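In what follows, a structure is listed as structure tokens, so that the remarks can point back to it.
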Number of protein chains: 2
Amino acid sequence: MIRSIHESPLYSIVNPTSIAFFGASNTFMRMGSIMLSSVQALGYEGKIFPIHPSEKEVRGLTAYASILDVPEIPDLAIIVLPTEIVCRTLDDCGKKGIRHAIVVSGGFREAGPEGAKLQKELESIARRHGIRFLGPNCLGVANPHIKLNPTPIKAEGPAGFVGLASQSGSFITQMFNYLHRHGMGFSAALSVGNEASIDIVDCLEYLGACPNTKVITLYIEGINRGDKFVEAAKAIALHKPIVALYVGGSEAGKKAGLSHTGSLSGPNEIYDGIFKQCGIIRAQTLTELFDYALALGTLPPPKGNGVVIQTHSGGPGATAADACGRSGLTLPRLSQETAERLKPLIPKTASTANPVDMTFSKNHSEDYFNIPDILLQDDQVDMLLAYFVSPSLFIERILLEMGIEEDLIPAESDKLISDYADKFFSLTRLHPDKPIVGFTYRSLQEKMARTLLNRGIPVYQDPERAARSMAAVKAYYKRRDEIKSDATG
Amino acid sequence: MIRSIHESPLYSIVNPTSIAFFGASNTFMRMGSIMLSSVQALGYEGKIFPIHPSEKEVRGLTAYASILDVPEIPDLAIIVLPTEIVCRTLDDCGKKGIRHAIVVSGGFREAGPEGAKLQKELESIARRHGIRFLGPNCLGVANPHIKLNPTPIKAEGPAGFVGLASQSGSFITQMFNYLHRHGMGFSAALSVGNEASIDIVDCLEYLGACPNTKVITLYIEGINRGDKFVEAAKAIALHKPIVALYVGGSEAGKKAGLSHTGSLSGPNEIYDGIFKQCGIIRAQTLTELFDYALALGTLPPPKGNGVVIQTHSGGPGATAADACGRSGLTLPRLSQETAERLKPLIPKTASTANPVDMTFSKNHSEDYFNIPDILLQDDQVDMLLAYFVSPSLFIERILLEMGIEEDLIPAESDKLISDYADKFFSLTRLHPDKPIVGFTYRSLQEKMARTLLNRGIPVYQDPERAARSMAAVKAYYKRRDEIKSDATG
């Protein structure tokens, strides 16, 4: 285990101050060129030295015919070259004094016996020079916090708190958009490829020590250093949640993984056991992986399993109740006092049972503060799950009927929604030990959901996803406390 | 069982040529006013007669002080009035000669013993006049095919093929946006409320006979006429798929349903058994309900369980393989011939195993026709599941690099994508017996996904949802054939 992030072989790979870039040219449709253009698009502020045999300039940057010509020793080499010249290039990097690299190029172990031989050679060159590298057959890293994105797809959205270590390169580059749409962002994302020099355990240790990472997500097709993985995960899970998606368990997933990175998978049950032992929360799908990450990165530890559901209408309330039941959460009966306090705020036909169904409400501002505040004050309530229809639908109609000029309505409505969202968010300060979660069947890009997500309140597109995520948070803290007391007891 | 849609008590409720509207006024924030404004917004072409005690005009329409003053007998009465005057109003409607009604007003059985008594009275008035009605405590109907939407939320998107019978009103009005975003639309949506006169069995029969409805979806909190339900469902499932979400099974769901419409639920297992017996596909969540509906409404019956996965990258391929495995689908090995035919079209590092990982492809047009066409020609392949990254990301970059003017790029890119989508869609004609499904982690509102959805190819936001939906289609046709052969054997 590393004691500090600076001890990690990944430190200079994730936080380089200068990069030698091999494989970018002025011909656009080459992977190297695309990757360099992503780096430029996000605005990385370190130095970039493109290495190109003939071009004097690559994508507006001074290019060098050989790494040996570069006027300083770059922190990191990124290699996106044809398989045949990768070994020679890494050797040159070593001669130059470079000690960290990302080998994007494929054609190694995953390509069969010939490739495996070539990978051995690559490993031996690295060892000789003391180089640590990610890959081969990977997409490297993304570190939005320093505006570094040398992956093929442009980054979107702000940097965030989700650390990802992935045995698939796709997920570090194809998930920018997904995370942003769902209210998250990467703290750092690492693609390990064939794990010739740096493996998923190193990544886990790095993310455990990374101050920008509040939740660690793992995409796993197979773990090689099992003991080290358990040791690291167990230590990290005591202070930072880890969620893992393992796809090698099913017959089909196993085959797919094998042809992808050539790593060995094992039966589902073994991985289940390992994860449980370490306090890792297991996700079954990629959607769950990031759903759980959102909840774990934003919610406080709940005291118990009791959820109060606040809804405008019965059906969404009942589906949410059903979802909570399936996820092992309970719907406590609210106190008589709570019911009495709610009555003046809700219509006669509304229900003060749990789910609290406010039905058709005339005064939206109550929905976003007074009502949930009363619910959260109830001692039986450990968490709040609130259903949001799009309030803008109603607000815009009201403003129209009030005679507000049509042009002014979107701005007025946005202002009101922003105000409601602020009030709702203020509940997290008033009830700092009670997780507050929303769900909607509308788009997360609508103003209310978007504003809440930006403020740090998780909103899901389905009560099932919300309930499972809340249960994952409860499960994480329960398991963490068990591991803690095992260690001290 | 009805023999024709015209025999259904719902026919005039879903397809009225004229409506008497009780409870709309010129005061906007009343439920009745909001509902009438939805009707006007969608552009219903039948006659509307607002009934109002004092106003001469309601929302621009000539109003009548009493239903008895209306110059003709409307097909349908929609009643959105305070509980106390509902019975009297329905009696007036009966005197006028109206034989169909929607009672939106609540405060009946769901409100306790007093309300239950009032509901008995309502039922007896209806019986006396030969009136059949939806409700009370419901939101009535939406029939986008005749531009009729007397529900509180404005309709979005075109009419579609999804019939919904729901024991929650929310879902007939709050799902327009959801269905549209996911590539669907309602054929007709029915909210049954307390089921005093027309129940979910009547709705099922109506939707079974409705020519616009290709798939029936049911939201169930509890069924009262169990035998009739089974009889109707069994007959309908032979020619039209039915998907049901039952939320009364969990303790929490049961309680929520009880306070919502007061209907009785039963243990999960009983409903499971009923559904299986009838050939109804069960959904566990609302998301699944409509995911399955999309697949069942667009895909042909697959011959077997064999899926070929086409992907640009390993991770999404492996998660899709894992999802298929979990859903009971298999990933057959492709024939040697298929592999040989693929080789010239994909990079050296690509995989011709299943999942077929095309990796980084330079010629996108192959991805949307030649490659999937070859895969679908393989005898081992019963279905295709294709992963889509956003092609516009790449296309726009290429066009930019080619020196195309920045202003012209979005239109050029749209044209190319539309062309790819057309080619991909043409595969459904070439392989009419093989379901073709897509998935993406990006928004369904992006051009490629949107275009495919509009053409009738289901695209899901997660391979898990895609695989489960494909398995639901297989399960439906398998069960249907078993019921058929039981009947004939």
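Convention: chains lettered A, B, ... in structure tokens order; per-chain residue numbering from 1; ligands numbered from 1 as shown.
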Backbone-only DSSP, alpha helix (DSSP H) members of segment 196-301 of chain A, as a short mmCIF file (atom, residue, chain, number, x, y, z; two decimals) with C-alpha atoms, in the first residue's frame:
```
data_model
loop_
_atom_site.label_atom_id
_atom_site.label_comp_id
_atom_site.auth_asym_id
_atom_site.auth_seq_id
_atom_site.Cartn_x
_atom_site.Cartn_y
_atom_site.Cartn_z
CA ILE A 200 -5.98 -2.25 -11.39
CA VAL A 201 -4.61 -2.59 -7.84
CA ASP A 202 -2.21 0.30 -8.46
CA CYS A 203 -5.15 2.32 -9.77
CA LEU A 204 -7.24 1.49 -6.75
CA GLU A 205 -4.44 2.63 -4.46
CA TYR A 206 -3.99 5.83 -6.44
CA LEU A 207 -7.70 6.68 -6.32
CA GLY A 208 -7.80 5.79 -2.62
CA ALA A 209 -5.17 8.48 -2.02
CA GLY A 226 -6.11 -10.98 -5.79
CA ASP A 227 -4.40 -10.70 -2.38
CA LYS A 228 -3.09 -7.22 -3.02
CA PHE A 229 -6.48 -6.15 -4.33
CA VAL A 230 -8.20 -7.31 -1.14
CA GLU A 231 -5.61 -5.68 1.07
CA ALA A 232 -5.87 -2.32 -0.72
CA ALA A 233 -9.66 -2.35 -1.05
CA LYS A 234 -10.17 -3.24 2.60
CA ALA A 235 -7.98 -0.37 3.75
CA ILE A 236 -9.53 2.15 1.36
CA ALA A 237 -13.16 1.17 1.95
CA GLU A 251 -20.36 -17.33 -19.45
CA ALA A 252 -20.99 -14.70 -22.12
CA GLY A 253 -19.26 -11.94 -20.16
CA LYS A 254 -16.26 -14.19 -19.52
CA LYS A 255 -15.77 -14.91 -23.20
CA ALA A 256 -16.14 -11.26 -24.11
CA GLY A 257 -13.58 -10.22 -21.49
CA LEU A 258 -11.09 -12.86 -22.59
CA SER A 259 -11.04 -11.65 -26.18
CA HIS A 260 -10.92 -8.05 -24.99
CA THR A 261 -7.94 -7.79 -22.65
CA ASN A 268 -19.35 -14.80 -10.02
CA GLU A 269 -19.50 -16.17 -6.47
CA ILE A 270 -15.76 -15.75 -5.91
CA TYR A 271 -15.93 -12.12 -6.87
CA ASP A 272 -19.06 -11.65 -4.79
CA GLY A 273 -17.18 -13.01 -1.79
CA ILE A 274 -14.11 -10.86 -2.41
CA PHE A 275 -16.19 -7.71 -2.77
CA LYS A 276 -18.17 -8.42 0.38
CA GLN A 277 -15.04 -9.14 2.38
CA CYS A 278 -13.54 -5.80 1.34
CA LEU A 286 -22.84 0.19 -15.67
CA THR A 287 -25.95 2.18 -14.89
CA GLU A 288 -25.89 0.90 -11.32
CA LEU A 289 -22.17 1.57 -11.04
CA PHE A 290 -22.65 5.28 -11.58
CA ASP A 291 -26.05 5.44 -9.84
CA TYR A 292 -24.40 4.14 -6.69
CA ALA A 293 -21.45 6.45 -7.17
CA LEU A 294 -23.75 9.46 -7.31
CA ALA A 295 -25.50 8.49 -4.08
CA LEU A 296 -22.29 7.54 -2.27
CA GLY A 297 -20.59 10.75 -3.34
CA THR A 298 -23.38 13.06 -2.22
#
```
Please identify which residues in segment 193-428 of chain A DSSP calls strand (DSSP E) from the backbone, and express them as a count of residues only.
26
Compile the contact shell of segment 154-168 of chain B as a PyMOL selection string: residues with an atom at most 7 Å away, counting only C-alpha atoms, same-chain residues fewer than 2 positions apart removed.
(chain A and resi 314-315) or (chain B and resi 38+42+144-145+149+152+170-171+176-177+180+184-193+200+203-204+207+212-221+293)
Have a look at atom CA of Phe22 of chain A and atom CA of Glu123 of chain A and let me know their distance in Å, one decimal.
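A separation of 18.5 Å between them.
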Pick out the closest residue to chain B from this set: A:Ala116, A:Cys138, A:Ala471, A:Ile98. Count only C-alpha atoms.
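Selected residue with least distance to chain B: A:Cys138.
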For each of A:Pro136, A:Pro71, A:Pro267, A:Pro113, take the minimum atom-to-atom distance to Thr83 of chain A, counting only C-alpha atoms, then give the residue where this is smallest.
A:Pro136
Straight-line distance linking atom CA of Thr440 of chain B with atom CA of Gln310 of chain B, stated in Å to one decimal
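Interatomic distance here is 12.0 Å.
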List the neighbours of Asp357 of chain A out to 8 Å using only C-alpha atoms; skip same-chain residues closer than 6 positions along the sequence, and give me the result as a PDB file with C-alpha atoms, in the first residue's frame.
```pdb
ATOM      1  CA  GLN A 310     -43.132  12.479  -0.881  1.00  0.00           C
ATOM      2  CA  THR A 311     -45.177  12.481  -4.073  1.00  0.00           C
ATOM      3  CA  HIS A 312     -47.700  14.511  -6.063  1.00  0.00           C
ATOM      4  CA  SER A 313     -49.565  11.459  -7.230  1.00  0.00           C
ATOM      5  CA  GLY A 314     -50.373   7.949  -6.158  1.00  0.00           C
ATOM      6  CA  GLY A 317     -45.653   6.945  -4.894  1.00  0.00           C
ATOM      7  CA  ALA A 350     -54.151  14.132   0.144  1.00  0.00           C
ATOM      8  CA  SER A 351     -52.663  11.294   2.178  1.00  0.00           C
TER       9      SER A 351
END
```
For Pro302 of chain A, please output as an mmCIF file with C-alpha atoms, in the first residue's frame all residues within 8 Å (counting only C-alpha atoms; exclusion window: fewer than 6 positions along the same chain).
```
data_model
loop_
_atom_site.group_PDB
_atom_site.id
_atom_site.type_symbol
_atom_site.label_atom_id
_atom_site.label_comp_id
_atom_site.auth_asym_id
_atom_site.auth_seq_id
_atom_site.Cartn_x
_atom_site.Cartn_y
_atom_site.Cartn_z
ATOM 1 C CA ASP A 382 -34.060 8.246 8.089
ATOM 2 C CA MET A 383 -34.211 9.291 4.421
ATOM 3 C CA ASP A 433 -27.691 13.249 8.745
ATOM 4 C CA LYS A 434 -30.667 12.361 6.523
ATOM 5 C CA PRO A 435 -30.098 11.459 2.864
ATOM 6 C CA VAL A 473 -25.364 3.802 0.658
ATOM 7 C CA LYS A 474 -26.863 2.071 3.688
#
```
